[in-house]
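Below: one structure, written as structure tokens.
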Amino acid sequence: HVEVYTIHGFCGRIVSEFGSRVGLSPVFRILDQDESDELFYRAFEKVYRRIPPQNVSHAADRFFELCLKAKNAAKADVPAKIIDLSGAGDTDEFVAAVLDQYQTEKKNLRGIEFSDLEVFALTLLRNRSIFEVVRARYGQVFVDEFQDTSDLQCELVQLLTGDRGPLFVVGDEKQSIYRFRGADVQVFKAFVATLPERRRLSTNFRSHREIIDAVNSVCAPIIDDYVAMTSGRDESQVKNVFPASQNNLVRVARVTSEDDLSGVLAVVRKLTES
């Protein structure tokens with residue numbers, strides 16, 4: 001018997017089954033992005049109206065930006081970060097009030113976000129009686145794309161497997177792309193370092209040899225400890241989609257940017273202008 005879930009699908013099952021133990025309605029629903037945004041703005045407005053004018057040291061849009069940063073932070077010391085950003089000593093209390101009001105708005109609608117699923121599931125699994133029921137269901141745990149994990153998700157996996165496992169994870173730190181959702185590749189690297197056995201996979205069965213050669217030529221000089229990929233495809237059985245005249249058309253533009261979107265736009269701009 002095999003059960004297959006996304007991380008949120010698995011958490012959703014746990015919350016649906018045991019959520020009443022943490023005060024969730026048995027008929028809760030997942031809020032879509034528009035509903036979540038609307039509720040958050042409603043919570044912000046309610047709290048902002050309660051702030052005496054003399055205590056408002058920033059425009060409303062600036063306060064809203066700070067609150068949104070706090071809401072989206074996966075793991076952060078919110079008060080310290082907000083004070084650093086704003087320079088206002090009372091801002092941390094304001095942000096905390098907005099986040100608290102936002103939780104109230106969601107509860108009134110019996111709604112939760114995807115990120116709430118992870119938090120509630122972890123809270124439930126920390127309960128010994130619930131943990132024992134869930135843990136007994138799974139003899140083995142396999143996790144794919146584990147490079148995009150977080151502290152919270154990592155704890156979920158560790159709770160499920162414990163010291164007796166067995167656990168099998170697959171991940172590539174160079175493919176970690178979900179930092180904006182709270183993923184932290186350092187969590188993955190630290191977790192992998194604790195595993196008793198590790199194997200490096202470098203055979204590519206998906207891509208044409210020309211693509212693999214191009215990736216190797218670009219990555220080898222700039223990525224520490226890069227292991228070149230090899231092709232696992234039988235090229236004699238694959239139609240060549242790369243005419244000989246185009247085999248060497250590999251162009252690279254490297255930019256440094258803390259803002260991922262700006263970095264991508266800069267790359268596209270350089271390539272189109274060259």
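The way I read the labels, and the way they are meant: chains A, B, ... in the order of the structure tokens, residue 1 as the first residue of every chain, and ligand 1 as the first ligand shown, with later ones counted on from there.
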
Skip Gly12 of chain A itself and residues of its chain fewer than 4 positions away, then list as a VMD selection string all residues within 9 Å of it, counting only C-alpha atoms. chain A and resid 7 to 8 16 to 17 114 117 to 118 121

Spatial neighbours of Phe188 of chain A, 7 Å, only C-alpha atoms, chain gap at least 2 places, as an MDAnalysis selection string: chainID A and resid 146:147 149 185:186 190:192

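Excluding segment 96-109 of chain A itself and same-chain residues fewer than 3 positions from it, the residues having an atom within 6 Å of it are Phe40, Ala43, Phe44, Val47 and Glu93 of chain A, counting only C-alpha atoms.
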
For the selection you just gave me, I'd like the residues written to a file as a PDB file, in the first residue's frame, keeping N, CA and C atoms.
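Contents of selection_23.pdb, as written:
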ATOM      1  N   PHE A  40      -6.281  39.874   4.774  1.00  0.00           N
ATOM      2  CA  PHE A  40      -5.129  40.509   5.395  1.00  0.00           C
ATOM      3  C   PHE A  40      -5.263  42.028   5.352  1.00  0.00           C
ATOM      4  N   ALA A  43      -7.743  43.078   7.961  1.00  0.00           N
ATOM      5  CA  ALA A  43      -7.141  43.066   9.300  1.00  0.00           C
ATOM      6  C   ALA A  43      -6.250  44.283   9.494  1.00  0.00           C
ATOM      7  N   PHE A  44      -5.482  44.618   8.474  1.00  0.00           N
ATOM      8  CA  PHE A  44      -4.597  45.777   8.547  1.00  0.00           C
ATOM      9  C   PHE A  44      -5.400  47.058   8.771  1.00  0.00           C
ATOM     10  N   VAL A  47      -6.764  47.418  12.411  1.00  0.00           N
ATOM     11  CA  VAL A  47      -5.734  47.773  13.393  1.00  0.00           C
ATOM     12  C   VAL A  47      -5.242  49.189  13.155  1.00  0.00           C
ATOM     13  N   GLU A  93       4.738  46.158  17.931  1.00  0.00           N
ATOM     14  CA  GLU A  93       3.421  45.921  18.528  1.00  0.00           C
ATOM     15  C   GLU A  93       2.322  46.045  17.474  1.00  0.00           C
TER      16      GLU A  93
END

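Here the question is which of A:Tyr48, A:Asp34, A:Ile14, A:Ser202 gets nearest to Arg126 of chain A using only C-alpha atoms, and that residue is A:Ile14.
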
Take atom CA of Ile212 of chain A and atom CA of Met229 of chain A and report the distance between them in Å, one decimal.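 Pair atom CA of Ile212 of chain A / atom CA of Met229 of chain A returns 6.6 Å.
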
Which of segment 17-233 of chain A end up as strand (DSSP E or B) when DSSP is run on this backbone - answer as a ChimeraX atom specification? /A:29-30,111-112,141-143,167-169,203-204,230-231

Grab the residues selected above and save them as an mmCIF file, in the first residue's frame with N, CA, C and O atoms.
data_model
loop_
_atom_site.group_PDB
_atom_site.id
_atom_site.type_symbol
_atom_site.label_atom_id
_atom_site.label_comp_id
_atom_site.auth_asym_id
_atom_site.auth_seq_id
_atom_site.Cartn_x
_atom_site.Cartn_y
_atom_site.Cartn_z
ATOM 1 N N ARG A 29 -11.970 25.426 5.343
ATOM 2 C CA ARG A 29 -11.668 25.430 3.915
ATOM 3 C C ARG A 29 -10.370 26.195 3.670
ATOM 4 O O ARG A 29 -9.976 27.050 4.457
ATOM 5 N N ILE A 30 -9.719 25.854 2.560
ATOM 6 C CA ILE A 30 -8.464 26.499 2.187
ATOM 7 C C ILE A 30 -8.773 27.791 1.444
ATOM 8 O O ILE A 30 -9.517 27.799 0.462
ATOM 9 N N GLY A 111 -11.470 29.632 7.707
ATOM 10 C CA GLY A 111 -10.523 29.495 6.610
ATOM 11 C C GLY A 111 -9.087 29.405 7.092
ATOM 12 O O GLY A 111 -8.728 29.954 8.131
ATOM 13 N N ILE A 112 -8.261 28.676 6.336
ATOM 14 C CA ILE A 112 -6.833 28.596 6.619
ATOM 15 C C ILE A 112 -6.063 28.689 5.310
ATOM 16 O O ILE A 112 -6.601 28.415 4.226
ATOM 17 N N VAL A 141 9.312 6.102 4.416
ATOM 18 C CA VAL A 141 8.982 7.460 3.966
ATOM 19 C C VAL A 141 9.973 7.864 2.884
ATOM 20 O O VAL A 141 11.191 7.765 3.074
ATOM 21 N N PHE A 142 9.451 8.319 1.751
ATOM 22 C CA PHE A 142 10.262 8.794 0.638
ATOM 23 C C PHE A 142 9.872 10.244 0.359
ATOM 24 O O PHE A 142 8.691 10.556 0.210
ATOM 25 N N VAL A 143 10.862 11.130 0.292
ATOM 26 C CA VAL A 143 10.599 12.549 0.043
ATOM 27 C C VAL A 143 11.415 12.997 -1.166
ATOM 28 O O VAL A 143 12.645 12.876 -1.177
ATOM 29 N N LEU A 167 14.131 6.282 6.078
ATOM 30 C CA LEU A 167 13.817 7.489 5.334
ATOM 31 C C LEU A 167 14.712 7.568 4.106
ATOM 32 O O LEU A 167 15.912 7.316 4.181
ATOM 33 N N PHE A 168 14.116 7.938 2.968
ATOM 34 C CA PHE A 168 14.865 8.116 1.722
ATOM 35 C C PHE A 168 14.484 9.474 1.157
ATOM 36 O O PHE A 168 13.304 9.739 0.912
ATOM 37 N N VAL A 169 15.456 10.366 0.999
ATOM 38 C CA VAL A 169 15.173 11.691 0.450
ATOM 39 C C VAL A 169 16.019 11.916 -0.793
ATOM 40 O O VAL A 169 17.126 11.392 -0.924
ATOM 41 N N THR A 203 23.681 10.761 -13.462
ATOM 42 C CA THR A 203 23.291 10.305 -14.800
ATOM 43 C C THR A 203 21.948 10.912 -15.162
ATOM 44 O O THR A 203 20.974 10.770 -14.421
ATOM 45 N N ASN A 204 21.895 11.584 -16.299
ATOM 46 C CA ASN A 204 20.697 12.284 -16.755
ATOM 47 C C ASN A 204 20.046 11.477 -17.877
ATOM 48 O O ASN A 204 20.649 11.261 -18.927
ATOM 49 N N THR A 230 26.370 12.928 -16.809
ATOM 50 C CA THR A 230 26.561 12.069 -17.973
ATOM 51 C C THR A 230 25.197 11.694 -18.525
ATOM 52 O O THR A 230 24.194 11.703 -17.794
ATOM 53 N N SER A 231 25.150 11.383 -19.797
ATOM 54 C CA SER A 231 23.884 11.041 -20.434
ATOM 55 C C SER A 231 23.587 9.562 -20.275
ATOM 56 O O SER A 231 24.448 8.708 -20.508
#

Option closest in space to Val133 of chain A, from A:Val27, A:Cys154, A:Val4, A:Leu160 [counting only C-alpha atoms]: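 So, comparing all the options, the nearest one is A:Leu160.
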
So how far away is atom CA of Arg49 of chain A from atom CA of Gly23 of chain A, in Å?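 So the two atoms, atom CA of Gly23 of chain A and atom CA of Arg49 of chain A, lie 29.1 Å apart.
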
If you count only C-alpha atoms, which residues fall within 12 Å of Val2 of chain A, apart from same-chain ones fewer than 3 positions away, as a CSV table (one decimal) with N, CA, C and O atoms, in the first residue's frame?
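Result file follows (around10.csv):
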chain,number,residue,atom,x,y,z
A,5,TYR,N,1.5,12.1,-1.5
A,5,TYR,CA,1.0,13.4,-1.2
A,5,TYR,C,2.0,14.5,-1.6
A,5,TYR,O,3.2,14.2,-1.6
A,137,ARG,N,1.2,4.1,10.6
A,137,ARG,CA,0.7,3.9,9.2
A,137,ARG,C,1.8,3.7,8.2
A,137,ARG,O,1.5,3.1,7.1
A,138,TYR,N,3.0,4.2,8.5
A,138,TYR,CA,4.0,4.3,7.4
A,138,TYR,C,5.2,3.5,7.8
A,138,TYR,O,5.9,3.8,8.8
A,139,GLY,N,5.5,2.4,7.0
A,139,GLY,CA,6.7,1.7,7.2
A,139,GLY,C,8.0,2.3,6.7
A,139,GLY,O,9.1,2.2,7.2
A,140,GLN,N,7.8,3.1,5.6
A,140,GLN,CA,8.9,3.8,4.9
A,140,GLN,C,8.4,5.2,4.5
A,140,GLN,O,7.2,5.3,4.1
A,141,VAL,N,9.3,6.1,4.4
A,141,VAL,CA,9.0,7.5,4.0
A,141,VAL,C,10.0,7.9,2.9
A,141,VAL,O,11.2,7.8,3.1
A,142,PHE,N,9.5,8.3,1.8
A,142,PHE,CA,10.3,8.8,0.6
A,142,PHE,C,9.9,10.2,0.4
A,142,PHE,O,8.7,10.6,0.2

Distance query Asp184 of chain A at most 9 Å, only C-alpha atoms, self and fewer than 5 positions along chain excluded, as an MDAnalysis selection string: chainID A and resid 147:151 176 178:179

What are the DSSP alpha helix (DSSP H) residues of segment 89-145 of chain A, as a VMD selection string? chain A and resid 91 to 108 114 to 125 128 to 135

Between atom CA of Phe28 of chain A and atom CA of Cys11 of chain A, what is the distance in Å, rounded to a tenth?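 Rounded to one decimal, the two atoms are 13.5 Å apart.
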
Distance criterion (only C-alpha atoms): nearest to Val170 of chain A out of A:Asp213, A:Asp37, A:Glu145, A:Glu132: A:Glu145
